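K.L.:
Got coords-v7.pdb for you, PDB, C-alpha atoms, pLDDT in the B column:
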ATOM      1  CA  MET A   7       0.000   0.000   0.000  1.00 74.00           C
ATOM      2  CA  PRO A   8      -0.818   2.674  -1.066  1.00 89.00           C
ATOM      3  CA  ALA A   9      -2.844   1.397  -4.015  1.00 90.00           C
ATOM      4  CA  VAL A  10      -5.370   2.225  -6.689  1.00 93.00           C
ATOM      5  CA  CYS A  11      -8.426  -0.047  -6.529  1.00 92.00           C
ATOM      6  CA  LEU A  12     -10.671  -0.609  -9.566  1.00 93.00           C
ATOM      7  CA  ILE A  13     -14.141  -1.959  -8.808  1.00 89.00           C
ATOM      8  CA  VAL A  14     -15.918  -3.340 -11.884  1.00 88.00           C
ATOM      9  CA  SER A  15     -19.424  -4.711 -11.458  1.00 78.00           C
ATOM     10  CA  GLY A  16     -22.848  -4.615 -13.040  1.00 71.00           C
ATOM     11  CA  GLY A  17     -23.742  -1.451 -11.177  1.00 78.00           C
ATOM     12  CA  HIS A  18     -20.400   0.193 -10.490  1.00 83.00           C
ATOM     13  CA  THR A  19     -17.190   1.118 -12.218  1.00 91.00           C
ATOM     14  CA  VAL A  20     -15.182   3.068  -9.653  1.00 92.00           C
ATOM     15  CA  LEU A  21     -11.538   3.926  -8.969  1.00 94.00           C
ATOM     16  CA  TYR A  22     -10.361   4.495  -5.399  1.00 92.00           C
ATOM     17  CA  GLU A  23      -7.058   5.596  -3.962  1.00 91.00           C
ATOM     18  CA  VAL A  24      -6.296   3.486  -0.875  1.00 89.00           C
ATOM     19  CA  GLN A  25      -3.888   4.889   1.721  1.00 86.00           C
ATOM     20  CA  PRO A  26      -2.936   3.680   5.211  1.00 82.00           C
ATOM     21  CA  LYS A  27      -4.335   6.015   7.897  1.00 78.00           C
ATOM     22  CA  ASP A  28      -1.658   4.959  10.361  1.00 66.00           C
ATOM     23  CA  SER A  29       1.808   4.608   8.832  1.00 59.00           C
ATOM     24  CA  PHE A  30       2.876   2.343  11.697  1.00 54.00           C
ATOM     25  CA  ARG A  31       0.106  -0.220  11.159  1.00 54.00           C
ATOM     26  CA  THR A  32      -0.138  -1.108   7.465  1.00 53.00           C
ATOM     27  CA  GLY A  33      -0.961  -4.799   7.925  1.00 56.00           C
ATOM     28  CA  ALA A  34      -4.313  -6.524   8.397  1.00 55.00           C
ATOM     29  CA  GLY A  35      -4.957  -4.611  11.639  1.00 55.00           C
ATOM     30  CA  GLY A  36      -4.224  -1.205  10.118  1.00 62.00           C
ATOM     31  CA  LEU A  37      -6.762   1.451   9.236  1.00 80.00           C
ATOM     32  CA  TRP A  38      -7.249   2.596   5.672  1.00 79.00           C
ATOM     33  CA  SER A  39      -8.579   5.688   3.991  1.00 85.00           C
ATOM     34  CA  TYR A  40     -10.393   5.510   0.676  1.00 88.00           C
ATOM     35  CA  ARG A  41     -10.766   8.399  -1.753  1.00 91.00           C
ATOM     36  CA  LYS A  42     -12.934   8.053  -4.856  1.00 93.00           C
ATOM     37  CA  ILE A  43     -10.913   9.361  -7.803  1.00 93.00           C
ATOM     38  CA  GLY A  44     -13.072   8.189 -10.718  1.00 92.00           C
ATOM     39  CA  GLN A  45     -16.458   6.666 -11.460  1.00 91.00           C
ATOM     40  CA  THR A  46     -18.807   5.866 -14.300  1.00 90.00           C
ATOM     41  CA  ARG A  47     -20.763   8.753 -15.716  1.00 90.00           C
ATOM     42  CA  ASP A  48     -23.410   6.551 -17.320  1.00 88.00           C
ATOM     43  CA  ASP A  49     -23.387   2.771 -17.887  1.00 84.00           C
ATOM     44  CA  ALA A  50     -21.048   0.792 -15.660  1.00 86.00           C
ATOM     45  CA  ALA A  51     -18.821  -1.714 -17.471  1.00 89.00           C
ATOM     46  CA  GLY A  52     -20.923  -4.669 -16.286  1.00 88.00           C
ATOM     47  CA  GLU A  53     -24.117  -2.905 -17.338  1.00 89.00           C
ATOM     48  CA  ALA A  54     -22.646  -2.414 -20.828  1.00 92.00           C
ATOM     49  CA  TYR A  55     -21.776  -6.146 -20.918  1.00 93.00           C
ATOM     50  CA  ASP A  56     -25.360  -7.011 -19.961  1.00 93.00           C
ATOM     51  CA  LYS A  57     -26.892  -4.700 -22.573  1.00 94.00           C
ATOM     52  CA  VAL A  58     -24.586  -5.873 -25.377  1.00 96.00           C
ATOM     53  CA  SER A  59     -25.249  -9.493 -24.433  1.00 96.00           C
ATOM     54  CA  LYS A  60     -29.000  -8.904 -24.607  1.00 96.00           C
ATOM     55  CA  LEU A  61     -28.617  -7.031 -27.907  1.00 96.00           C
ATOM     56  CA  LEU A  62     -26.743 -10.020 -29.386  1.00 97.00           C
ATOM     57  CA  GLY A  63     -29.333 -12.536 -28.113  1.00 96.00           C
ATOM     58  CA  LEU A  64     -26.972 -14.043 -25.534  1.00 96.00           C
ATOM     59  CA  GLY A  65     -29.090 -13.564 -22.428  1.00 93.00           C
ATOM     60  CA  TYR A  66     -28.424 -12.188 -18.969  1.00 91.00           C
ATOM     61  CA  PRO A  67     -26.065 -11.785 -17.200  1.00 90.00           C
ATOM     62  CA  GLY A  68     -23.747 -10.783 -20.027  1.00 90.00           C
ATOM     63  CA  GLY A  69     -20.316 -10.788 -18.400  1.00 88.00           C
ATOM     64  CA  PRO A  70     -19.670 -14.531 -18.119  1.00 91.00           C
ATOM     65  CA  ILE A  71     -20.906 -15.457 -21.618  1.00 94.00           C
ATOM     66  CA  LEU A  72     -19.213 -12.522 -23.373  1.00 94.00           C
ATOM     67  CA  ASP A  73     -15.953 -13.243 -21.535  1.00 92.00           C
ATOM     68  CA  ARG A  74     -15.946 -16.865 -22.716  1.00 95.00           C
ATOM     69  CA  LEU A  75     -17.014 -16.003 -26.274  1.00 96.00           C
ATOM     70  CA  ALA A  76     -14.276 -13.346 -26.513  1.00 95.00           C
ATOM     71  CA  ALA A  77     -11.726 -15.971 -25.483  1.00 94.00           C
ATOM     72  CA  ALA A  78     -13.156 -18.428 -28.044  1.00 95.00           C
ATOM     73  CA  ALA A  79     -12.750 -15.841 -30.825  1.00 94.00           C
ATOM     74  CA  GLY A  80      -9.039 -16.573 -31.063  1.00 90.00           C
ATOM     75  CA  ASN A  81      -7.513 -14.662 -33.993  1.00 91.00           C
ATOM     76  CA  ILE A  82     -10.775 -14.029 -35.831  1.00 93.00           C
ATOM     77  CA  PRO A  83     -10.569 -10.498 -37.242  1.00 92.00           C
ATOM     78  CA  ALA A  84     -12.811  -7.891 -35.676  1.00 93.00           C
ATOM     79  CA  PRO A  85     -15.570  -6.730 -38.052  1.00 93.00           C
ATOM     80  CA  VAL A  86     -15.292  -3.235 -36.558  1.00 93.00           C
ATOM     81  CA  LYS A  87     -12.767  -1.322 -34.437  1.00 94.00           C
ATOM     82  CA  PHE A  88     -13.924   0.726 -31.468  1.00 93.00           C
ATOM     83  CA  GLY A  89     -11.823   3.760 -30.635  1.00 88.00           C
ATOM     84  CA  PRO A  90     -10.962   5.026 -27.171  1.00 85.00           C
ATOM     85  CA  THR A  91     -13.566   6.833 -25.110  1.00 82.00           C
ATOM     86  CA  LYS A  92     -12.972  10.553 -25.038  1.00 80.00           C
ATOM     87  CA  MET A  93     -13.834  12.286 -21.776  1.00 77.00           C
ATOM     88  CA  ARG A  94     -13.928  15.877 -20.643  1.00 85.00           C
ATOM     89  CA  GLY A  95     -13.316  16.781 -17.030  1.00 85.00           C
ATOM     90  CA  ASN A  96     -12.037  14.064 -14.722  1.00 89.00           C
ATOM     91  CA  THR A  97      -9.832  11.799 -16.848  1.00 88.00           C
ATOM     92  CA  PHE A  98     -10.281   8.963 -14.321  1.00 93.00           C
ATOM     93  CA  ASP A  99     -14.051   8.798 -14.970  1.00 93.00           C
ATOM     94  CA  PHE A 100     -15.522   6.061 -17.171  1.00 92.00           C
ATOM     95  CA  SER A 101     -18.243   6.054 -19.821  1.00 91.00           C
ATOM     96  CA  PHE A 102     -19.477   2.935 -21.595  1.00 92.00           C
ATOM     97  CA  SER A 103     -22.811   4.070 -23.052  1.00 91.00           C
ATOM     98  CA  GLY A 104     -21.148   5.261 -26.270  1.00 92.00           C
ATOM     99  CA  LEU A 105     -19.453   1.904 -26.781  1.00 94.00           C
ATOM    100  CA  LYS A 106     -22.730   0.063 -26.182  1.00 94.00           C
ATOM    101  CA  THR A 107     -24.414   2.363 -28.710  1.00 95.00           C
ATOM    102  CA  ALA A 108     -21.605   1.767 -31.226  1.00 95.00           C
ATOM    103  CA  VAL A 109     -22.274  -1.994 -30.977  1.00 97.00           C
ATOM    104  CA  LEU A 110     -26.001  -1.351 -31.483  1.00 96.00           C
ATOM    105  CA  TYR A 111     -25.398   0.768 -34.599  1.00 96.00           C
ATOM    106  CA  HIS A 112     -22.951  -1.779 -36.016  1.00 97.00           C
ATOM    107  CA  VAL A 113     -25.501  -4.575 -35.616  1.00 96.00           C
ATOM    108  CA  ARG A 114     -28.294  -2.450 -37.114  1.00 96.00           C
ATOM    109  CA  GLU A 115     -26.113  -1.609 -40.134  1.00 96.00           C
ATOM    110  CA  ASN A 116     -25.186  -5.274 -40.731  1.00 96.00           C
ATOM    111  CA  ALA A 117     -28.330  -7.361 -41.164  1.00 95.00           C
ATOM    112  CA  GLU A 118     -26.336 -10.607 -41.389  1.00 95.00           C
ATOM    113  CA  TYR A 119     -26.261 -10.644 -37.547  1.00 96.00           C
ATOM    114  CA  LEU A 120     -30.072 -10.846 -37.294  1.00 96.00           C
ATOM    115  CA  PRO A 121     -30.633 -14.567 -38.124  1.00 97.00           C
ATOM    116  CA  GLU A 122     -28.003 -15.590 -35.558  1.00 96.00           C
ATOM    117  CA  ILE A 123     -29.515 -13.296 -32.946  1.00 97.00           C
ATOM    118  CA  ALA A 124     -32.959 -14.817 -33.581  1.00 97.00           C
ATOM    119  CA  ASP A 125     -31.498 -18.347 -33.255  1.00 97.00           C
ATOM    120  CA  ARG A 126     -29.790 -17.489 -29.954  1.00 97.00           C
ATOM    121  CA  GLU A 127     -32.935 -15.835 -28.584  1.00 97.00           C
ATOM    122  CA  ALA A 128     -34.920 -18.973 -29.456  1.00 97.00           C
ATOM    123  CA  ALA A 129     -32.293 -21.158 -27.758  1.00 96.00           C
ATOM    124  CA  ILE A 130     -32.403 -19.003 -24.608  1.00 96.00           C
ATOM    125  CA  THR A 131     -36.223 -19.236 -24.608  1.00 96.00           C
ATOM    126  CA  ARG A 132     -35.851 -23.049 -24.672  1.00 96.00           C
ATOM    127  CA  GLY A 133     -33.540 -22.820 -21.646  1.00 95.00           C
ATOM    128  CA  GLU A 134     -30.317 -23.376 -23.610  1.00 94.00           C
ATOM    129  CA  ARG A 135     -28.113 -20.811 -21.848  1.00 93.00           C
ATOM    130  CA  LYS A 136     -24.823 -22.646 -21.451  1.00 94.00           C
ATOM    131  CA  PHE A 137     -21.702 -21.567 -23.295  1.00 95.00           C
ATOM    132  CA  GLU A 138     -21.494 -24.942 -25.063  1.00 96.00           C
ATOM    133  CA  GLN A 139     -25.051 -24.465 -26.367  1.00 96.00           C
ATOM    134  CA  LEU A 140     -24.597 -20.852 -27.504  1.00 96.00           C
ATOM    135  CA  LEU A 141     -21.116 -21.069 -29.045  1.00 96.00           C
ATOM    136  CA  PRO A 142     -22.292 -23.051 -32.134  1.00 97.00           C
ATOM    137  CA  LEU A 143     -24.876 -20.306 -32.743  1.00 97.00           C
ATOM    138  CA  CYS A 144     -22.156 -17.629 -32.969  1.00 97.00           C
ATOM    139  CA  GLY A 145     -20.477 -17.128 -36.318  1.00 96.00           C
ATOM    140  CA  PRO A 146     -16.998 -15.675 -36.773  1.00 96.00           C
ATOM    141  CA  LYS A 147     -18.312 -12.130 -37.191  1.00 96.00           C
ATOM    142  CA  THR A 148     -20.199 -12.310 -33.891  1.00 97.00           C
ATOM    143  CA  LEU A 149     -17.178 -13.750 -32.090  1.00 97.00           C
ATOM    144  CA  GLY A 150     -14.947 -11.023 -33.537  1.00 97.00           C
ATOM    145  CA  LEU A 151     -17.454  -8.350 -32.481  1.00 97.00           C
ATOM    146  CA  VAL A 152     -17.662  -9.712 -28.934  1.00 96.00           C
ATOM    147  CA  ARG A 153     -13.865  -9.816 -28.650  1.00 96.00           C
ATOM    148  CA  GLU A 154     -13.517  -6.253 -29.971  1.00 96.00           C
ATOM    149  CA  PHE A 155     -16.182  -5.041 -27.519  1.00 96.00           C
ATOM    150  CA  GLN A 156     -14.367  -6.687 -24.622  1.00 94.00           C
ATOM    151  CA  ASN A 157     -11.013  -5.341 -25.813  1.00 94.00           C
ATOM    152  CA  ALA A 158     -12.441  -1.807 -25.906  1.00 95.00           C
ATOM    153  CA  VAL A 159     -13.857  -2.095 -22.372  1.00 93.00           C
ATOM    154  CA  VAL A 160     -10.682  -3.636 -20.962  1.00 92.00           C
ATOM    155  CA  ARG A 161      -8.443  -1.146 -22.760  1.00 93.00           C
ATOM    156  CA  ASP A 162     -10.363   1.754 -21.218  1.00 93.00           C
ATOM    157  CA  LEU A 163     -10.391   0.228 -17.724  1.00 93.00           C
ATOM    158  CA  VAL A 164      -6.686  -0.613 -17.795  1.00 93.00           C
ATOM    159  CA  GLU A 165      -5.534   2.692 -19.306  1.00 93.00           C
ATOM    160  CA  ARG A 166      -7.429   4.840 -16.787  1.00 93.00           C
ATOM    161  CA  THR A 167      -6.402   2.648 -13.851  1.00 94.00           C
ATOM    162  CA  MET A 168      -2.730   2.581 -14.816  1.00 94.00           C
ATOM    163  CA  ARG A 169      -2.730   6.340 -15.465  1.00 94.00           C
ATOM    164  CA  ALA A 170      -4.182   6.877 -11.982  1.00 94.00           C
ATOM    165  CA  ALA A 171      -1.526   4.623 -10.423  1.00 94.00           C
ATOM    166  CA  GLU A 172       1.239   6.489 -12.260  1.00 95.00           C
ATOM    167  CA  GLU A 173      -0.085   9.971 -11.461  1.00 94.00           C
ATOM    168  CA  LEU A 174      -0.592   9.086  -7.783  1.00 93.00           C
ATOM    169  CA  ASN A 175       2.752   7.254  -7.731  1.00 93.00           C
ATOM    170  CA  VAL A 176       1.325   4.116  -6.104  1.00 92.00           C
ATOM    171  CA  PRO A 177       2.968   0.699  -6.510  1.00 90.00           C
ATOM    172  CA  THR A 178      -0.140  -1.497  -6.328  1.00 91.00           C
ATOM    173  CA  VAL A 179      -3.298  -1.927  -8.397  1.00 92.00           C
ATOM    174  CA  LEU A 180      -6.221  -3.899  -6.970  1.00 90.00           C
ATOM    175  CA  VAL A 181      -9.113  -5.197  -9.103  1.00 89.00           C
ATOM    176  CA  SER A 182     -12.444  -6.397  -7.742  1.00 85.00           C
ATOM    177  CA  GLY A 183     -15.932  -6.962  -9.086  1.00 77.00           C
ATOM    178  CA  GLY A 184     -18.416  -9.333 -10.571  1.00 67.00           C
ATOM    179  CA  SER A 185     -19.155  -8.319 -14.142  1.00 52.00           C
ATOM    180  CA  GLY A 186     -16.979 -10.688 -16.149  1.00 54.00           C
ATOM    181  CA  GLY A 187     -14.952  -7.739 -17.342  1.00 53.00           C
ATOM    182  CA  GLU A 188     -12.874  -7.655 -14.171  1.00 51.00           C
ATOM    183  CA  SER A 189     -11.401 -11.082 -14.966  1.00 55.00           C
ATOM    184  CA  ALA A 190     -10.250  -9.812 -18.373  1.00 58.00           C
ATOM    185  CA  VAL A 191      -8.761  -6.723 -16.707  1.00 60.00           C
ATOM    186  CA  ALA A 192      -6.933  -8.889 -14.175  1.00 55.00           C
ATOM    187  CA  ARG A 193      -5.566 -11.122 -16.959  1.00 55.00           C
ATOM    188  CA  HIS A 194      -4.328  -8.042 -18.802  1.00 54.00           C
ATOM    189  CA  LEU A 195      -2.691  -6.525 -15.705  1.00 56.00           C
ATOM    190  CA  ARG A 196      -0.836  -9.772 -14.942  1.00 54.00           C
ATOM    191  CA  ARG A 197       1.000  -9.557 -18.269  1.00 52.00           C
ATOM    192  CA  PRO A 198       4.571  -8.298 -18.021  1.00 47.00           C
ATOM    193  CA  ARG A 199       4.776  -4.597 -18.804  1.00 48.00           C
ATOM    194  CA  THR A 200       7.360  -3.315 -21.251  1.00 41.00           C
TER     195      THR A 200
END
Written as structure tokens, that's how I'd like the structure from this file.
P.N.:
Amino acid sequence: MPAVCLIVSGGHTVLYEVQPKDSFRTGAGGLWSYRKIGQTRDDAAGEAYDKVSKLLGLGYPGGPILDRLAAAAGNIPAPVKFGPTKMRGNTFDFSFSGLKTAVLYHVRENAEYLPEIADREAAITRGERKFEQLLPLCGPKTLGLVREFQNAVVRDLVERTMRAAEELNVPTVLVSGGSGGESAVARHLRRPRT
């Protein structure tokens, strides 16, 4: 400690600075102070996962299924590239509504997604919600789209979190949550940095 803590869940995307209150007791018995340094301005990351999952006919909650489908995409090319989120004001704040809307517009402009979406919605209605049941109903374009969506979310989460850690000069980054996206963030942060 000190640290920057990223919380990524269905309802929250928040960055905190964590500092020891008592410099002599920094272990488990020590007291900590928490200062919110960034938060979502609209959709939380997990909420964006849920909405994109529903849009693509993959059910709810979206995090677990999108995370697994993104991993299954392998090297399939992305059918679209999502740019970084531009923010005014607090550069540690997050916004995922624009990304969710970009996915919506991409799907609307490419009617070839619609038969697959209808097939997945029918499967979900029949109770077929498992990854193994939905994966065969996802073509390469869908898998590439899911991976690009996840990459855009993770890229934004990691860049803002690492910038906060650098600007605050803290040696530790903590990640917590329950959206599915936090596991992708944690995998990315464990990679050696160059």
K.L.:
Need the shell around A:Ser103: protein/DNA/RNA residues with any atom at most 8 Å away, counting all atoms listed in the file. Skip same-chain ones fewer than 3 positions apart. Format as a count of residues only?
P.N.:
5
K.L.:
Closest to A:Val164 among A:Ala124, A:Leu141, A:Val152, A:Val181, using only C-alpha atoms?
P.N.:
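Checking each candidate against A:Val164, we get A:Val181 as the closest.
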K.L.:
Just how far from atom CA of A:Pro8 is atom CA of A:Tyr22, in Å to one decimal?
P.N.:
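Rounded to one decimal, the two atoms are 10.6 Å apart.
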K.L.:
Given all atoms listed in the file as the basis, pick out the residue of A:Met7, A:Glu122, A:Gly65, A:Val86 nearest to A:Glu134.
P.N.:
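For A:Glu134, the nearest of the candidates is A:Gly65.
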K.L.:
List the spatial neighbours of A:Val179 as a list in words - criterion: any atom at most 8 Å away, all atoms listed in the file, same-chain residues fewer than 6 positions off excluded.
P.N.:
Ala9, Val10, Cys11, Leu12, Thr167, Met168 and Ala171 of chain A
K.L.:
Around (-19.6, -13.8, -28.2) in the file's own coordinates, what residues are found within 9 Å if you use all atoms listed in the file, given back as a PyMOL selection string?
P.N.:
chain A and resi 59+62+64+71-79+140-141+144-145+148-153
K.L.:
Taking C-alpha atoms for each residue, export the selection above as a CSV table (one decimal), in the coordinates of the input.
P.N.:
chain,number,residue,atom,x,y,z
A,59,SER,CA,-25.2,-9.5,-24.4
A,62,LEU,CA,-26.7,-10.0,-29.4
A,64,LEU,CA,-27.0,-14.0,-25.5
A,71,ILE,CA,-20.9,-15.5,-21.6
A,72,LEU,CA,-19.2,-12.5,-23.4
A,73,ASP,CA,-16.0,-13.2,-21.5
A,74,ARG,CA,-15.9,-16.9,-22.7
A,75,LEU,CA,-17.0,-16.0,-26.3
A,76,ALA,CA,-14.3,-13.3,-26.5
A,77,ALA,CA,-11.7,-16.0,-25.5
A,78,ALA,CA,-13.2,-18.4,-28.0
A,79,ALA,CA,-12.8,-15.8,-30.8
A,140,LEU,CA,-24.6,-20.9,-27.5
A,141,LEU,CA,-21.1,-21.1,-29.0
A,144,CYS,CA,-22.2,-17.6,-33.0
A,145,GLY,CA,-20.5,-17.1,-36.3
A,148,THR,CA,-20.2,-12.3,-33.9
A,149,LEU,CA,-17.2,-13.8,-32.1
A,150,GLY,CA,-14.9,-11.0,-33.5
A,151,LEU,CA,-17.5,-8.4,-32.5
A,152,VAL,CA,-17.7,-9.7,-28.9
A,153,ARG,CA,-13.9,-9.8,-28.6
K.L.:
Have a look at A:Pro90, A:Gly104, A:Pro67, A:Pro85 and name the one nearest to A:Glu118; count all atoms listed in the file.
P.N.:
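For A:Glu118, the nearest of the given residues is A:Pro85.
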K.L.:
In terms of the shortest atom-to-atom distance over all atoms listed in the file, which of A:Tyr40, A:Glu23, A:Asn96, A:Ala51 is closest to A:Gln156?
P.N.:
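Of all the options, A:Ala51 lies closest to A:Gln156.
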K.L.:
Between A:Leu143, A:Arg41, A:Thr91, A:Arg47, which is the closest to A:Ile123 once you count all atoms listed in the file?
P.N.:
A:Leu143
